[in-house]
Each structure stands twice: as C-alpha cells, then as structure tokens.
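Undergrad: work.cif is reproduced below (mmCIF, C-alpha atoms).
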```
data_coords
#
loop_
_atom_site.label_atom_id
_atom_site.label_comp_id
_atom_site.auth_asym_id
_atom_site.auth_seq_id
_atom_site.Cartn_x
_atom_site.Cartn_y
_atom_site.Cartn_z
CA MET A 1 35.12 -31.94 133.71
CA ARG A 2 31.91 -33.91 133.89
CA ALA A 3 29.19 -33.98 131.30
CA PRO A 4 25.62 -35.19 131.90
CA ALA A 5 25.05 -38.83 131.18
CA ALA A 6 24.00 -39.52 127.61
CA THR A 7 20.53 -41.00 127.80
CA GLY A 8 19.29 -40.42 124.28
CA ALA A 9 16.16 -38.76 125.65
CA PRO A 10 14.34 -36.52 123.17
CA ASN A 11 14.38 -32.77 123.61
CA PRO A 12 10.93 -31.71 124.88
CA LYS A 13 9.38 -28.73 123.13
CA ARG A 14 9.73 -25.45 124.98
CA ARG A 15 6.64 -24.08 126.64
CA LYS A 16 5.98 -20.46 127.52
CA VAL A 17 5.12 -19.84 131.13
CA PRO A 18 2.22 -17.54 132.01
CA VAL A 19 3.20 -14.77 134.38
CA PRO A 20 0.36 -13.88 136.74
CA VAL A 21 -0.73 -10.28 136.79
CA VAL A 22 -0.50 -10.15 140.57
CA ALA A 23 2.94 -10.57 142.13
CA PRO A 24 3.57 -13.96 143.78
CA GLN A 25 3.10 -13.97 147.52
CA VAL A 26 6.32 -15.19 149.14
CA THR A 27 6.64 -15.13 152.91
CA TYR A 28 10.06 -14.56 154.43
CA ASP A 29 11.72 -15.05 157.78
CA TYR A 30 14.01 -12.11 158.56
CA GLN A 31 17.30 -12.48 160.41
CA PRO A 32 19.28 -9.30 161.14
CA GLY A 33 23.05 -9.37 161.13
CA GLN A 34 25.29 -8.40 164.02
CA ASN A 35 25.16 -4.70 164.85
CA SER A 36 28.84 -4.54 165.73
CA ALA A 37 31.00 -7.49 164.79
CA ASP A 38 33.87 -8.23 167.18
CA ARG A 39 36.75 -8.90 164.78
CA SER A 40 38.61 -11.04 167.31
CA GLN A 41 35.70 -13.51 167.34
CA LEU A 42 35.21 -13.67 163.56
CA THR A 43 36.03 -16.72 161.49
CA LEU A 44 38.14 -15.56 158.56
CA PRO A 45 37.35 -16.92 155.08
CA ALA A 46 39.65 -19.70 153.92
CA SER A 47 42.64 -18.27 152.03
CA THR A 48 43.89 -19.80 148.80
CA LYS A 49 47.43 -18.62 149.58
CA LYS A 50 49.99 -19.66 152.17
CA PRO A 51 51.82 -16.93 154.12
CA SER A 52 55.07 -17.91 152.38
CA GLU A 53 53.54 -17.06 148.98
CA PHE A 54 53.32 -13.34 149.71
CA GLN A 55 56.14 -11.16 148.43
CA ASN A 56 56.58 -9.19 151.65
CA PRO A 57 55.01 -8.69 155.10
CA ARG A 58 53.02 -5.69 153.86
CA ALA A 59 51.31 -7.79 151.19
CA LEU A 60 50.41 -10.38 153.82
CA ARG A 61 49.02 -7.69 156.16
CA ASN A 62 46.91 -6.25 153.34
CA HIS A 63 45.57 -9.72 152.54
CA LEU A 64 44.64 -10.38 156.18
CA HIS A 65 42.99 -6.96 156.39
CA GLN A 66 40.87 -7.82 153.34
CA GLN A 67 39.94 -11.18 154.85
CA ARG A 68 38.86 -9.54 158.11
CA GLY A 69 36.81 -7.04 156.11
CA LYS A 70 35.01 -9.89 154.33
CA ALA A 71 34.30 -11.60 157.65
CA THR A 72 32.98 -8.38 159.17
CA ARG A 73 30.67 -7.72 156.21
CA ALA A 74 29.45 -11.33 156.38
CA ALA A 75 28.66 -10.97 160.09
CA ARG A 76 26.72 -7.74 159.47
CA ALA A 77 24.68 -9.15 156.57
CA GLU A 78 20.93 -9.53 156.98
CA THR A 79 19.12 -12.62 155.72
CA LEU A 80 15.67 -13.13 154.23
CA ARG A 81 14.75 -16.82 153.99
CA ALA A 82 11.61 -17.80 152.12
CA GLN A 83 9.17 -19.83 154.19
CA THR A 84 6.78 -20.54 151.34
CA GLY A 85 6.52 -19.80 147.64
CA LEU A 86 10.14 -19.91 146.49
CA LEU A 87 12.24 -22.95 145.56
CA ALA A 88 15.07 -22.96 143.03
CA GLU A 89 13.81 -26.13 141.32
CA ASP A 90 10.40 -24.52 140.73
CA LEU A 91 11.72 -21.45 138.93
CA PRO A 92 10.82 -21.20 135.22
CA ALA A 93 13.63 -22.87 133.26
CA THR A 94 13.44 -24.74 129.96
CA SER A 95 12.90 -28.47 130.21
CA THR A 96 16.60 -29.02 129.42
CA TRP A 97 17.64 -26.59 132.20
CA TRP A 98 20.09 -24.71 130.01
CA MET A 99 18.15 -21.44 129.92
CA GLY A 100 15.29 -19.57 131.51
CA ARG A 101 11.83 -19.64 129.97
CA GLN A 102 10.17 -16.80 128.15
CA PHE A 103 6.91 -15.64 129.66
CA ALA A 104 3.46 -15.58 128.09
CA LYS A 105 2.91 -12.71 125.68
CA ALA A 106 -0.45 -11.69 127.12
CA SER A 107 0.84 -11.44 130.69
CA ALA A 108 3.98 -9.67 129.53
CA ALA A 109 1.97 -7.16 127.52
CA ALA A 110 -0.27 -6.40 130.50
CA LEU A 111 2.68 -5.80 132.80
CA ARG A 112 4.57 -3.73 130.25
CA ALA A 113 1.51 -1.57 129.67
CA ALA A 114 1.10 -1.06 133.41
CA HIS A 115 4.81 -0.33 133.77
CA THR A 116 4.38 2.95 131.88
CA CYS A 117 2.06 4.25 134.61
CA LEU A 118 3.29 4.18 138.20
CA GLU A 119 -0.17 3.97 139.74
CA LYS A 120 -1.21 1.08 137.48
CA ALA A 121 2.06 -0.77 138.08
CA TRP A 122 1.57 -0.77 141.82
CA THR A 123 -1.85 -2.39 141.45
CA HIS A 124 0.01 -5.51 140.26
CA LEU A 125 2.46 -5.40 143.17
CA GLU A 126 0.09 -5.60 146.09
CA GLY A 127 1.70 -7.66 148.83
CA ILE A 128 5.19 -7.54 147.36
CA ARG A 129 7.92 -7.11 149.97
CA LEU A 130 9.94 -3.89 149.83
CA VAL A 131 13.57 -4.50 150.78
CA PRO A 132 15.30 -1.17 151.49
CA TYR A 133 19.06 -0.90 151.68
CA LYS A 134 20.11 -0.58 155.33
CA GLY A 135 23.87 -0.22 154.96
CA VAL A 136 24.63 -3.95 155.04
CA ALA A 137 24.60 -6.83 152.58
CA THR A 138 21.40 -8.82 152.11
CA LYS A 139 21.13 -12.56 151.44
CA PHE A 140 17.94 -13.99 149.96
CA LEU A 141 17.46 -17.73 150.49
CA ASP A 142 14.85 -20.03 149.00
CA ALA A 143 12.66 -22.23 151.22
CA SER A 144 15.33 -24.94 151.36
CA GLY A 145 18.01 -22.49 152.47
CA ARG A 146 19.79 -22.03 149.13
CA LEU A 147 21.36 -18.63 148.52
CA LEU A 148 19.67 -17.36 145.34
CA ILE A 149 20.19 -13.60 145.49
CA TYR A 150 22.89 -11.48 147.12
CA ARG A 151 22.88 -7.68 147.41
CA SER A 152 26.29 -6.35 148.42
CA GLU A 153 27.16 -3.75 150.98
CA VAL A 154 28.16 -0.44 149.37
CA SER A 155 31.79 -0.21 150.44
CA GLN A 156 33.75 2.99 150.88
CA ASN A 157 36.28 1.69 148.38
CA VAL A 158 33.58 1.46 145.69
CA LEU A 159 32.19 4.91 146.55
CA ASP A 160 35.69 6.39 146.28
CA LEU A 161 36.07 4.89 142.79
CA LEU A 162 32.55 5.74 141.64
CA PRO A 163 33.27 9.28 140.28
CA LYS A 164 36.14 7.86 138.22
CA PHE A 165 33.93 5.08 136.89
CA ILE A 166 31.12 7.49 135.95
CA GLU A 167 33.59 9.54 133.91
CA GLU A 168 35.03 6.40 132.29
CA ALA A 169 31.53 5.19 131.40
CA ARG A 170 30.77 8.53 129.71
CA GLU A 171 34.03 8.38 127.74
CA PHE A 172 33.41 4.73 126.86
CA VAL A 173 30.02 5.51 125.32
CA GLU A 174 31.51 8.38 123.32
CA ALA A 175 34.42 6.24 122.08
CA CYS A 176 32.40 3.16 121.06
CA THR A 177 30.18 2.58 118.06
CA SER A 178 26.45 2.27 118.68
CA MET A 179 24.61 -1.03 118.57
CA GLY A 180 22.35 0.77 116.08
CA GLU A 181 19.00 2.50 116.53
CA HIS A 182 17.10 -0.56 115.30
CA LYS A 183 18.60 -2.76 118.04
CA ILE A 184 18.21 -0.07 120.68
CA GLN A 185 14.52 0.40 119.91
CA GLY A 186 14.05 -3.38 119.81
CA ASN A 187 15.71 -3.91 123.18
CA ARG A 188 13.14 -5.39 125.57
CA ARG A 189 14.99 -3.91 128.52
CA GLY A 190 14.48 -0.31 127.39
CA ASN A 191 15.68 2.15 124.74
CA HIS A 192 18.78 3.35 126.59
CA TRP A 193 22.31 3.04 125.14
CA PHE A 194 23.70 -0.48 125.58
CA CYS A 195 26.40 -2.79 124.31
CA ILE A 196 27.15 -6.50 124.48
CA ALA A 197 30.85 -7.25 124.71
CA GLY A 198 32.42 -10.71 124.77
CA ALA A 199 31.85 -14.06 123.12
CA ASP A 200 28.93 -16.43 122.58
CA ARG A 201 27.85 -19.36 120.42
CA ASN A 202 24.33 -18.15 119.64
CA ASN A 203 23.33 -19.43 116.17
CA LYS A 204 26.95 -20.38 115.52
CA LYS A 205 28.75 -23.69 115.11
CA THR A 206 31.71 -22.49 117.18
CA PRO A 207 32.01 -19.66 119.73
CA SER A 208 33.35 -16.26 118.70
CA LEU A 209 33.38 -12.61 119.76
CA SER A 210 30.27 -10.56 119.04
CA ASP A 211 30.38 -8.27 116.01
CA TRP A 212 30.15 -5.24 118.30
CA HIS A 213 33.10 -6.45 120.37
CA ARG A 214 35.26 -6.95 117.28
CA ASP A 215 34.39 -3.46 116.04
CA ASN A 216 35.35 -1.96 119.42
CA LYS A 217 38.10 -4.32 120.54
CA ASP A 218 40.81 -1.67 120.97
CA THR A 219 38.49 0.63 122.92
CA ILE A 220 37.45 -2.19 125.27
CA GLU A 221 41.08 -3.10 125.95
CA HIS A 222 41.88 0.56 126.61
CA PHE A 223 39.16 0.98 129.22
CA PHE A 224 40.02 -2.32 130.91
CA ARG A 225 43.71 -1.55 131.23
CA LYS A 226 45.46 -1.56 134.60
CA GLY A 227 44.52 1.39 136.80
CA THR A 228 40.99 1.95 135.45
CA ALA A 229 37.86 1.86 137.59
CA MET A 230 36.29 -0.49 135.03
CA LEU A 231 39.00 -3.08 135.65
CA ALA A 232 38.77 -2.57 139.41
CA PHE A 233 34.99 -3.14 139.45
CA ASN A 234 35.43 -6.16 137.17
CA GLY A 235 37.70 -7.64 139.84
CA ILE A 236 35.23 -6.86 142.64
CA ALA A 237 32.37 -8.48 140.72
CA ASN A 238 34.37 -11.68 140.20
CA ASP A 239 35.50 -11.72 143.84
CA LEU A 240 31.86 -11.51 144.97
CA LEU A 241 30.97 -14.46 142.74
CA LEU A 242 33.82 -16.56 144.14
CA GLU A 243 32.93 -15.65 147.72
CA HIS A 244 29.17 -16.15 147.66
CA PHE A 245 28.53 -18.56 144.78
CA PRO A 246 31.56 -20.89 144.68
CA GLY A 247 29.56 -23.62 142.92
CA VAL A 248 28.69 -21.26 140.07
CA ALA A 249 32.29 -20.04 139.98
CA GLN A 250 33.45 -23.64 139.57
CA ARG A 251 30.99 -24.20 136.73
CA TYR A 252 32.28 -21.06 135.03
CA THR A 253 35.88 -22.16 135.60
CA ASP A 254 35.18 -25.57 134.02
CA CYS A 255 33.75 -23.83 130.95
CA LYS A 256 36.72 -21.46 130.78
CA GLU A 257 39.22 -24.33 130.87
CA TYR A 258 37.33 -26.30 128.21
CA MET A 259 37.18 -23.33 125.85
CA GLU A 260 40.87 -22.58 126.39
CA GLN A 261 41.78 -26.16 125.56
CA LYS A 262 39.48 -26.66 122.56
CA TYR A 263 39.20 -23.18 121.01
CA SER A 264 42.16 -21.29 122.55
CA MET A 265 39.82 -18.58 123.82
CA SER A 266 39.19 -17.23 127.32
CA PRO A 267 36.50 -15.02 128.85
CA GLN A 268 37.67 -11.41 128.88
CA PHE A 269 35.79 -10.40 132.03
CA GLY A 270 37.16 -12.75 134.66
CA LEU A 271 34.85 -15.77 134.71
CA PHE A 272 32.24 -14.01 132.58
CA TRP A 273 32.05 -14.29 128.80
CA ASN A 274 29.83 -11.23 128.45
CA TRP A 275 29.76 -7.68 129.77
CA CYS A 276 27.20 -4.97 129.11
CA LEU A 277 27.16 -1.26 129.87
CA ASN A 278 23.74 0.40 130.04
CA ALA A 279 23.81 4.19 129.87
CA ALA A 280 21.69 7.27 129.28
CA ARG A 281 21.64 8.77 125.79
CA SER A 282 20.08 11.68 123.96
CA GLY A 283 16.37 11.66 124.80
CA VAL A 284 16.76 8.92 127.44
CA LYS A 285 18.03 10.45 130.67
CA ARG A 286 18.40 7.27 132.74
CA VAL A 287 18.48 3.49 132.61
CA HIS A 288 15.13 2.18 133.84
CA CYS A 289 14.55 -1.39 132.68
CA ASP A 290 11.21 -2.59 131.34
CA PRO A 291 9.74 -5.96 132.40
CA HIS A 292 11.79 -8.82 130.91
CA VAL A 293 13.63 -12.05 131.61
CA ASP A 294 17.17 -12.75 130.40
CA ALA A 295 16.13 -16.11 129.01
CA LYS A 296 19.29 -16.83 126.99
CA ASN A 297 21.52 -16.65 130.04
CA LEU A 298 22.61 -19.84 131.78
CA ALA A 299 19.73 -21.04 133.97
CA LEU A 300 21.67 -22.29 136.99
CA GLY A 301 24.20 -19.51 136.87
CA ILE A 302 24.64 -16.00 138.22
CA CYS A 303 24.38 -12.58 136.60
CA ILE A 304 25.87 -9.54 138.34
CA VAL A 305 24.42 -6.03 138.12
CA PHE A 306 26.33 -2.94 139.27
CA VAL A 307 24.51 0.39 139.59
CA TYR A 308 26.18 3.76 139.03
CA GLY A 309 25.23 7.44 138.94
CA TRP A 310 24.05 9.96 141.52
CA PHE A 311 20.30 9.77 142.11
CA ASN A 312 17.62 9.51 144.77
CA HIS A 313 17.82 5.75 145.27
CA ARG A 314 15.24 5.85 148.06
CA GLU A 315 12.56 6.53 145.43
CA LYS A 316 14.02 5.75 142.01
CA ALA A 317 14.66 2.53 140.09
CA TRP A 318 14.03 -0.17 142.65
CA LEU A 319 14.21 -3.67 141.16
CA VAL A 320 11.17 -5.95 141.18
CA ILE A 321 12.21 -9.62 141.18
CA TRP A 322 8.86 -11.15 140.36
CA GLU A 323 9.02 -14.83 141.32
CA ALA A 324 10.80 -13.94 144.58
CA GLY A 325 8.01 -11.51 145.50
CA ILE A 326 10.45 -8.72 146.35
CA CYS A 327 11.17 -5.13 145.33
CA VAL A 328 14.78 -4.27 146.13
CA GLU A 329 16.45 -0.91 146.58
CA LEU A 330 19.66 -0.58 144.55
CA PRO A 331 21.73 2.44 145.56
CA PRO A 332 24.72 3.58 143.50
CA GLY A 333 27.75 1.41 144.21
CA VAL A 334 25.79 -1.77 144.93
CA PHE A 335 26.37 -5.15 143.27
CA LEU A 336 23.42 -7.53 142.90
CA LEU A 337 24.10 -11.21 142.16
CA TYR A 338 21.18 -13.38 141.00
CA PRO A 339 20.11 -15.87 138.29
CA SER A 340 18.52 -13.33 135.95
CA SER A 341 17.41 -16.00 133.46
CA LEU A 342 15.06 -17.48 136.09
CA PHE A 343 13.44 -14.28 137.33
CA PHE A 344 11.10 -11.87 135.56
CA HIS A 345 12.38 -8.43 136.62
CA PHE A 346 12.07 -4.70 136.04
CA ASN A 347 12.72 -1.30 137.61
CA ILE A 348 10.02 0.72 139.28
CA ASP A 349 9.90 4.06 141.10
CA LEU A 350 8.43 4.55 144.54
CA LYS A 351 6.22 7.61 144.86
CA ASP A 352 5.09 9.18 148.11
CA VAL A 353 6.27 6.11 150.02
CA GLU A 354 8.18 6.69 153.25
CA ILE A 355 10.92 4.07 153.57
CA VAL A 356 11.48 2.93 157.14
CA ALA A 357 13.05 -0.11 158.78
CA THR A 358 12.44 -2.22 161.87
CA ALA A 359 14.96 -4.01 164.05
CA ASN A 360 13.68 -7.52 163.38
CA GLY A 361 12.06 -7.18 159.98
CA GLU A 362 8.52 -7.21 161.32
CA ALA A 363 5.73 -5.14 159.77
CA PRO A 364 6.49 -1.48 160.54
CA THR A 365 4.36 0.59 162.91
CA ARG A 366 4.84 4.12 164.21
CA GLU A 367 6.33 2.67 167.42
CA ASN A 368 8.80 0.09 166.04
CA SER A 369 10.09 1.76 162.85
CA TYR A 370 12.87 4.22 162.14
CA ALA A 371 13.81 6.30 159.10
CA LEU A 372 16.81 5.31 157.00
CA SER A 373 19.64 7.67 156.15
CA ASP A 374 20.87 7.88 152.57
CA PRO A 375 24.10 5.91 152.03
CA VAL A 376 24.74 7.93 148.86
CA ALA A 377 23.98 11.62 149.26
CA ARG A 378 23.48 14.15 146.47
CA ARG A 379 26.74 15.69 145.29
CA PRO A 380 27.03 19.46 144.74
CA GLU A 381 27.51 19.10 140.98
CA VAL A 382 24.22 17.15 140.64
CA SER A 383 21.15 19.34 140.24
CA GLU A 384 18.13 18.78 142.46
CA GLU A 385 16.09 17.87 139.38
CA ASP A 386 18.56 15.25 138.14
CA TRP A 387 18.82 13.79 141.65
CA ALA A 388 15.05 13.64 142.08
CA GLU A 389 14.35 12.19 138.62
CA GLY A 390 17.18 9.65 138.61
CA ASN A 391 18.83 11.22 135.59
CA GLY A 392 22.23 9.76 134.76
CA ARG A 393 21.52 6.41 136.37
CA GLY A 394 23.26 3.55 134.58
CA SER A 395 24.25 -0.05 135.15
CA VAL A 396 26.83 -2.67 134.25
CA VAL A 397 26.00 -6.35 133.81
CA TRP A 398 28.28 -9.40 133.86
CA PHE A 399 26.61 -12.52 132.45
CA ASN A 400 27.12 -15.86 130.69
CA GLN A 401 24.91 -17.15 127.91
CA ALA A 402 23.81 -20.78 127.93
CA SER A 403 25.19 -21.56 124.47
CA MET A 404 28.80 -21.57 125.74
CA PHE A 405 27.96 -24.16 128.40
CA GLN A 406 25.98 -26.34 126.01
CA THR A 407 29.29 -26.79 124.21
CA SER A 408 31.59 -27.20 127.21
CA GLU A 409 29.33 -29.52 129.22
CA THR A 410 28.26 -31.86 126.43
CA GLY A 411 31.64 -31.97 124.71
CA PHE A 412 30.08 -31.15 121.31
CA ASP A 413 30.08 -27.93 119.29
CA THR A 414 26.28 -27.85 119.18
CA LEU A 415 23.35 -29.59 120.86
CA LYS A 416 22.36 -30.96 117.45
CA LYS A 417 25.68 -32.81 117.26
CA ALA A 418 25.35 -33.93 120.86
CA ARG A 419 21.92 -35.48 120.30
CA LYS A 420 23.09 -37.10 117.08
CA ALA A 421 25.75 -38.82 119.20
CA HIS A 422 22.98 -40.01 121.58
CA HIS A 423 23.69 -37.45 124.30
CA SER A 424 20.58 -36.28 126.15
CA GLY A 425 21.30 -32.67 125.26
CA GLN A 426 20.29 -31.68 128.78
CA ALA A 427 22.12 -29.81 131.52
CA ASP A 428 23.03 -31.74 134.66
CA ARG A 429 20.16 -30.33 136.73
CA GLU A 430 20.68 -32.71 139.65
CA ARG A 431 24.33 -31.73 140.02
CA TRP A 432 23.78 -27.98 139.90
CA LEU A 433 20.77 -28.08 142.23
CA GLY A 434 22.54 -30.48 144.59
CA GLN A 435 24.30 -29.93 147.89
CA ASP A 436 27.50 -28.56 146.36
CA GLY A 437 25.86 -27.10 143.26
CA ALA A 438 25.13 -23.61 142.03
CA PHE A 439 23.31 -22.30 145.10
CA LEU A 440 24.82 -23.33 148.43
CA ARG A 441 22.59 -23.97 151.42
CA THR A 442 23.39 -21.76 154.39
#
```
Please express what this file holds, its structure, as structure tokens.

TA:
Amino acid sequence: MRAPAATGAPNPKRRKVPVPVVAPQVTYDYQPGQNSADRSQLTLPASTKKPSEFQNPRALRNHLHQQRGKATRAARAETLRAQTGLLAEDLPATSTWWMGRQFAKASAAALRAAHTCLEKAWTHLEGIRLVPYKGVATKFLDASGRLLIYRSEVSQNVLDLLPKFIEEAREFVEACTSMGEHKIQGNRRGNHWFCIAGADRNNKKTPSLSDWHRDNKDTIEHFFRKGTAMLAFNGIANDLLLEHFPGVAQRYTDCKEYMEQKYSMSPQFGLFWNWCLNAARSGVKRVHCDPHVDAKNLALGICIVFVYGWFNHREKAWLVIWEAGICVELPPGVFLLYPSSLFFHFNIDLKDVEIVATANGEAPTRENSYALSDPVARRPEVSEEDWAEGNGRGSVVWFNQASMFQTSETGFDTLKKARKAHHSGQADRERWLGQDGAFLRT
C-alpha cells in the first residue's frame, strides 16, 4: 500500500465554499445506448475466475449468464458527458482532499428555506437538467470523460426481492434502538428515522464501532444473515462498485487490508465501513432529504444509495445533484453511485410536470418526444394517496468516512501524529484523480 509522500507541508485552514442560489449551468452531450444488444457481439467483462475453479458445469453456466447480463446492461446504458462546467478536480473538497467541504451558511439557509416550498425551490433550479429513468442505466461523465455518477438499471431480480426487503426494513426499525430524538431532529438530511452502523475513527485515536452499532450488534447480524434481502442487496451494491469504480474499490480494499493487519477489524458491509437505513416514522411518512453535503465522507470515494418503497417516482423525490446541474429520477429498486461528499444534494418533487423523453437527448418538442411508462407500478395493497404522496419511501446508504483512510493511507493513527512525523497529512490527490484513479475515463 502506498502513502502520499511526506513533504512536511502545513495543513491549510479549511474554507467554506459559497453555494450559489441558482443551480450551476452544466451542458451535456447525450449518447443513447443500444436499443437491442446482440449478445453474440458483446464483449464480456473480464472474469476473476478460471473455468476450472467452478464446482460444477451449472455454476459455470450461471456465472457466464451473469457476465452476459452485465455486458447487455452496459451496452444499453445511456451516457451524459459534461461539455462545460463539471470537472472532478474542481469539485469542492478540503485542501487536503480527504473530505468534501461544507457550504456557506447563508447560501445553505436560503436553499433550505426554499426547499420547504416547491414553487420557491424551482426558482433556484432554472436551467437544471431533468434526467428521467428510461429503463436503462445512466452514466454521468465529467468534461474530461471521468465516470462520476452511475444510476443503475432496475433489474427484475431486485424488483422480485423488493417486497421482502421492505418487510425486513420495517422489522429492522422495530427491532433496533433509536438514535434518539435529539439526533433525529438535528439531522441535516431530515427528521426521518435513521441509523449509522459500522466503524469510524471520528474524534478517536483508533477506529471502533459506533455506539449505535454496538447496542444493536445482534440485530444487525440477524438481518444480514444468509438468505435475507438485506444481505443480497449488500452484495449487489458492492458488485456495482467493483464493476463501475474499480479504482475506488481498490482504494477501499487497501484500507480494509491495512485495518485487518493493524487493528484486526474488517468492514462489515463488503468494502464499506458504514451502512445507514433511512425510514419513515411516526409523523414522518417518507424519506425526503433536505439540502446537505456528506462532508465527512471520503472525498475521492463513492457512496451508494438504494431506494425502496412503492411510490409515484415520476413525480416524487427526484435527487438534485447541485454541482452537476442535474435532477435525477430515482425509482424504487435503483442504485445510485456517486461521491456524495463532493456534491450538494437534496430531494425535490416535480409538480404538474409531464416527463417525456427523446431518442437522442435533444430538447423535447411535441414532434420528437414520447411519454415514459412507469418501471415500478402501484401495487394493489398501496393506497392511491400513499402512492401519490410518496409515503413509505425509504433509502439505504453505503459509505466510507474519511477518518478511516487518513489512518490507513498515512500509516499513523491520527493526522496529528502523521504531521508530527513530518508527513504532509494530505491525501494523494494526484493518484486518485489520475488515469487509473478513483474515476476512470471512458
């Protein structure tokens, strides 16, 4: 494992970045995927296993089927590449590049105030690009071609497991202790039920499990046992990271191996040290996040969001990703992978907006546009009111906090110790923004 060169440079003071009240104007070039991918012409993803390593022919056939499925989904994926206004190196990180920056209080207050009123909120989003879900995965590239954001295709496998997961999430909330009303009301993301499971080194000399995780350790292990939907979705989330962000996956693997060797501890959620369930609670009927940035997360890393519930996703809880200048539809069953510490983001509803698509991503007109069908339809047990209002919507988040990587990548328990030993105390920005770094160029 490599650590940044020790230069002895001082740690510059953090600065808060003003967030403009009008969404950034980012222009994109749109490239549709293949309408019907011919499997015989597809290039299969490289396999990490040899045919001789499979236990029987059936296991090998299943593996090849999965590989062909990945290739087909990749061929169908649409791509939005920024032409201007979006570069990974210009996103708001701290000067040490460990974490994202907080945003200016005045700008944040203005946007949060507007967020409570749909009409006011949209006055700040003039010119933002709406990105509806069209049944295929979507790749968002910066102006240099780096993959920064990936929205998955909603697979039939995930939809089949979704009812089981919704029930498990309900039982999980009932079985776990609360984070406490004080923390819930102080949560910048909203006052829904939430938890933070896993380990960190925030304000600690050595990493350890969160207090909440220790209090609920047996319950967490029960819901992540073999055969649960929670464990299945955990595997899918990690597979998506490995497939689309291999550089980030390698960074996470390096941290995992360091922590195993030095502290005899491993991440409990694949390559992720932290896992969060966001759910409705008494008086709060859905998860609908307020404007925020996950500043403590690793800057040049990836956070994964999974959306669950049964709701009108064509109108409810789209995700604004501010610096990217986009507003993204997130239907139930979708996984979104992005560096949440570098983007100011929040949910917003669309009201009286007809969502249509065009074949080549050009501005829609009556002649070139077509209506989109709903990939997730209302189920009989869901009332029309709950469907229309988005009631029951929840989310799961996999993430890694920067403090764990400050330890693993400097080789010291804390940055204070690292600087005392004449280490720069900075992340290796050049490596993780480089050709084979966190965000691969496509």

Undergrad: Go through stretch 142-193 of chain A and flag each residue having an atom no more than 9 Å from stretch 242-257 of chain A; for those, report the closest pair of atoms plus their distance in Å to one decimal, using all atoms listed in the file, ordered by chain and rising number, as JSON lines.

TA:
```
{"residue": "A:Leu147", "atom": "CA", "partner": "A:Phe245", "partner_atom": "CA", "distance": 8.1}
{"residue": "A:Leu148", "atom": "CA", "partner": "A:Phe245", "partner_atom": "CA", "distance": 9.0}
{"residue": "A:Tyr150", "atom": "CA", "partner": "A:His244", "partner_atom": "CA", "distance": 7.8}
```

Undergrad: For A:Ala388, which of A:Phe311, A:Phe103, A:Phe165, A:Trp97 is the closest residue, counting only C-alpha atoms?

TA: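 For A:Ala388, the nearest of the candidates is A:Phe311.
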
Undergrad: Carefully work through the PyMOL selection byres ((chain A and resi 201-211) around 7) for this structure and note down the residues it includes, as a ChimeraX atom specification.

TA: /A:197-200,212-215,403-404,413-414

Undergrad: Once you have the residues from the selection above, write them out as a PDB file, in the coordinates of the input, restricted to C-alpha atoms.

TA:
```pdb
ATOM      1  CA  ALA A 197      30.850  -7.250 124.710  1.00  0.00           C
ATOM      2  CA  GLY A 198      32.420 -10.710 124.770  1.00  0.00           C
ATOM      3  CA  ALA A 199      31.850 -14.060 123.120  1.00  0.00           C
ATOM      4  CA  ASP A 200      28.930 -16.430 122.580  1.00  0.00           C
ATOM      5  CA  TRP A 212      30.150  -5.240 118.300  1.00  0.00           C
ATOM      6  CA  HIS A 213      33.100  -6.450 120.370  1.00  0.00           C
ATOM      7  CA  ARG A 214      35.260  -6.950 117.280  1.00  0.00           C
ATOM      8  CA  ASP A 215      34.390  -3.460 116.040  1.00  0.00           C
ATOM      9  CA  SER A 403      25.190 -21.560 124.470  1.00  0.00           C
ATOM     10  CA  MET A 404      28.800 -21.570 125.740  1.00  0.00           C
ATOM     11  CA  ASP A 413      30.080 -27.930 119.290  1.00  0.00           C
ATOM     12  CA  THR A 414      26.280 -27.850 119.180  1.00  0.00           C
TER      13      THR A 414
END
```

Undergrad: So which residues get picked by the PyMOL selection byres ((chain A and resi 23) around 7) here, written as a list in words?

TA: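 Checked against the file, the PyMOL selection byres ((chain A and resi 23) around 7) matches Pro20, Val21, Val22, Pro24, Gln25, His124, Leu125, Glu126, Ile128, Trp322 and Gly325 of chain A.
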
Undergrad: Considering all atoms listed in the file, can you say which of A:Gly235, A:Pro331, A:Pro267, A:Gly100 comes closest to A:Lys316?

TA: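 Counting all atoms listed in the file, the residue closest to A:Lys316 is A:Pro331.
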
Undergrad: Residues around (34.7, 5.6, 144.4), cut-off 12 Å, counting only C-alpha atoms - what are they as a list of chain:residue names?

TA: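 Residues close enough to count: A:Val154, A:Ser155, A:Gln156, A:Asn157, A:Val158, A:Leu159, A:Asp160, A:Leu161, A:Leu162, A:Pro163, A:Lys164, A:Phe165, A:Ile166, A:Glu167, A:Thr228, A:Ala229, A:Met230, A:Ala232, A:Phe233, A:Tyr308, A:Gly309, A:Trp310, A:Pro332, A:Gly333, A:Val334, A:Val376.
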
Undergrad: To one decimal place in Å, what is the distance between atom CA of A:Ile302 and atom CA of A:Ala438?

TA: 8.5 Å

Undergrad: Run the PyMOL selection byres ((chain A and resi 272) around 7) mentally over the shown coordinates, then write out the matched residues as an NGL selection string, using the chain letters and numbers from the document.

TA: :A and (267 or 269-271 or 273-274 or 398-400)

Undergrad: Could you list, as a CSV table (one decimal) with C-alpha atoms, in the frame of the given file, every residue within 9 Å of A:Arg151, counting only C-alpha atoms and ignoring same-chain residues fewer than 4 positions away?

TA:
```
chain,number,residue,atom,x,y,z
A,133,TYR,CA,19.1,-0.9,151.7
A,136,VAL,CA,24.6,-4.0,155.0
A,137,ALA,CA,24.6,-6.8,152.6
A,138,THR,CA,21.4,-8.8,152.1
A,139,LYS,CA,21.1,-12.6,151.4
A,140,PHE,CA,17.9,-14.0,150.0
A,328,VAL,CA,14.8,-4.3,146.1
A,330,LEU,CA,19.7,-0.6,144.6
A,334,VAL,CA,25.8,-1.8,144.9
A,335,PHE,CA,26.4,-5.2,143.3
A,336,LEU,CA,23.4,-7.5,142.9
A,337,LEU,CA,24.1,-11.2,142.2
A,338,TYR,CA,21.2,-13.4,141.0
```

Undergrad: Env of A:Phe346: 9 Å cut, atoms = only C-alpha atoms, seq-sep filter 4 positions within chain, self excluded. Answer as a PyMOL selection string.

TA: chain A and resi 115+189+288-293+317-322

Undergrad: With only C-alpha atoms as the basis for distance, which of A:His192, A:Ser408, A:Cys276, A:Ala324 is at the shortest distance from A:Tyr263?

TA: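 When distances to A:Tyr263 are compared using only C-alpha atoms, the smallest one comes from A:Ser408.
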
Undergrad: Please, what distance in Å, to one decimal, runs between atom CA of A:Asn312 and atom CA of A:Trp387?

TA: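 Taking atom CA of A:Asn312 and atom CA of A:Trp387, their separation equals 5.4 Å.
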
Undergrad: Taking (26.3, -35.9, 120.2) in the file's coordinates, which residues come within 9 Å, counting only C-alpha atoms, written as a VMD selection string?

TA: chain A and resid 6 410 to 425
